[in-house]
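Student: Here it is: the structure, laid out below.
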Amino acid sequence: MTIMAGMGSPTGTGVGPLLRGWRERRQLSQLQLALRADSSARHLSFVENGRSRPSRELVLRLAEHLDVPVRERNTLLLAAGYAPQYPETPLDDPSMDALRGGMERLLAAHDPYPAVVVDGSFRVLAANRSIGLLLDGVAPHLLEAPLNAIRVTLHPGGLAPRIVNLRQWRRHLLERMEHQLELVRAEPLRRLYEEVRGYPEPAGEAADGPAEDAFPFALPMRIRHEGRVLSFLSTIATFNTPLDVTVSELAMETFLPADAETVRYLQSAVGPERQERQV
């Protein structure tokens, strides 16, 4: 499996080719998009061909109807000759205090089940104490900042040797990264994808891998821990209608027990006396 040369956000020398790329990705005709954005197909054609410069308002309206990520909306504005609309505020900025506090409370509330907050490149920005249970035995150099959730999961020195259904979970994570690469132009993310895709592939699932119909509703991550196999279902939460690039790329991933045995073990193993792991 390889990334095609054209994968990633649409490219071009101006706002016209960029808009055309997003429109084609969404499989919309010029007429369909023009009707949604209260414009005309003729004007949109002129914009895409570089014969007409769109107004700032039209760029934002088209981006909204094309569901363009916030970071790429700024790219469209810059390509059209306008200032960016959305700031990119560092997460440690004082103006983010309320946001950070809310995320910390959510992470703590998810204990004793693991949970992390990652950015658009899958770097771990925060985690609850239960994530330490999954990180037991991971090579120390993989835990150095900035810790990357994809790398630590698929690296041979990370979680990979303990994941029972590694072939399935690896495929899931690579597809997730490919989807992310379709949305944003991020060279670090592309390099990470090429790195983890080059890790050794599992020869086959272990004998104690899950039966095909064991989890018919979602793919679990099944991981060995202290002589038992724990099963988790992953859920991802993002912010609705973000107005900041940083916030738009935050994602909270929570791991829910997929069976009663995992519930019982976590409730007994992750007690209040367990030391919080710094990540």
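Numbering starts fresh at 1 for the residues of each chain in the structure tokens, the chains themselves are lettered A, B, ... in the order given, and ligands are numbered from 1 as they appear.
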Find the residues near Gly137 in chain A: any atom within 9 Å, counting only C-alpha atoms, skip ones fewer than 4 places away on the same chain, and give them as a PyMOL selection string.
Tutor: chain A and resi 157-159
Student: With N, CA and C atoms kept, could you save the residues just selected as a compact mmCIF listing (two decimals), in the first residue's frame?
Tutor:
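In the end it all went to result.txt:
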# COMPACT_ATOMS: atom_id res chain seq x y z
N GLY A 157 9.54 -1.66 19.33
CA GLY A 157 9.88 -1.48 20.74
C GLY A 157 8.75 -0.89 21.55
N GLY A 158 7.60 -0.72 20.92
CA GLY A 158 6.44 -0.14 21.60
C GLY A 158 5.41 -1.19 21.97
N LEU A 159 4.15 -0.88 21.66
CA LEU A 159 3.07 -1.80 22.01
C LEU A 159 2.95 -2.97 21.04
Student: From a DSSP pass on the backbone, collect the residues of range 1-239 of chain A flagged as strand (DSSP E) and hand them back as a count of residues only.
Tutor: 23
Student: Please identify all polymer residues within 12 Å of Val68 in chain A, counting only C-alpha atoms, omitting same-chain residues fewer than 6 positions from it, and present them as a list of chain:residue names.
Tutor: A:Ser9, A:Pro10, A:Leu18, A:Leu19, A:Gly21, A:Trp22, A:Arg23, A:Arg25, A:Arg26, A:Val59, A:Leu60, A:Arg61, A:Leu62, A:Asn74, A:Thr75, A:Leu76, A:Leu77, A:Glu182, A:Leu183, A:Val184, A:Arg185, A:Thr241, A:Ser248
Student: Go ahead and dump the residues you just picked, C-alpha atoms, as an mmCIF file, in the first residue's frame.
Tutor:
data_model
loop_
_atom_site.group_PDB
_atom_site.id
_atom_site.type_symbol
_atom_site.label_atom_id
_atom_site.label_comp_id
_atom_site.auth_asym_id
_atom_site.auth_seq_id
_atom_site.Cartn_x
_atom_site.Cartn_y
_atom_site.Cartn_z
ATOM 1 C CA SER A 9 -4.611 18.616 0.308
ATOM 2 C CA PRO A 10 -5.125 19.994 -3.197
ATOM 3 C CA LEU A 18 -7.037 24.798 -4.525
ATOM 4 C CA LEU A 19 -10.797 25.301 -4.585
ATOM 5 C CA GLY A 21 -9.184 20.354 -5.857
ATOM 6 C CA TRP A 22 -11.444 20.486 -2.802
ATOM 7 C CA ARG A 23 -14.575 20.535 -4.982
ATOM 8 C CA ARG A 25 -12.568 15.701 -3.736
ATOM 9 C CA ARG A 26 -16.115 16.282 -2.462
ATOM 10 C CA VAL A 59 -13.756 31.964 -0.047
ATOM 11 C CA LEU A 60 -14.996 31.297 3.472
ATOM 12 C CA ARG A 61 -18.455 30.331 2.227
ATOM 13 C CA LEU A 62 -17.048 27.876 -0.306
ATOM 14 C CA ASN A 74 -6.392 29.881 6.151
ATOM 15 C CA THR A 75 -4.382 28.492 3.243
ATOM 16 C CA LEU A 76 -7.223 29.327 0.850
ATOM 17 C CA LEU A 77 -7.451 32.875 2.189
ATOM 18 C CA GLU A 182 -6.181 13.685 2.674
ATOM 19 C CA LEU A 183 -7.316 16.609 4.828
ATOM 20 C CA VAL A 184 -4.128 18.478 5.665
ATOM 21 C CA ARG A 185 -0.839 19.289 3.967
ATOM 22 C CA THR A 241 -17.265 24.402 15.008
ATOM 23 C CA SER A 248 -9.633 22.177 15.402
#
Student: Using DSSP on the backbone, list every residue of range 57-182 of chain A that comes out as helix (DSSP H, G or I), and give them as an MDAnalysis selection string.
Tutor: chainID A and resid 57:65 70:79 94:110 131:135 140:143 149:154 160:162 166:182
Student: Which residue out of A:Leu107, A:Ile223, A:Met252, A:Ala127 has the minimum interatomic distance to Pro161 in chain A when only C-alpha atoms are used?
Tutor: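 Closest to Pro161 in chain A, using only C-alpha atoms: A:Ile223.
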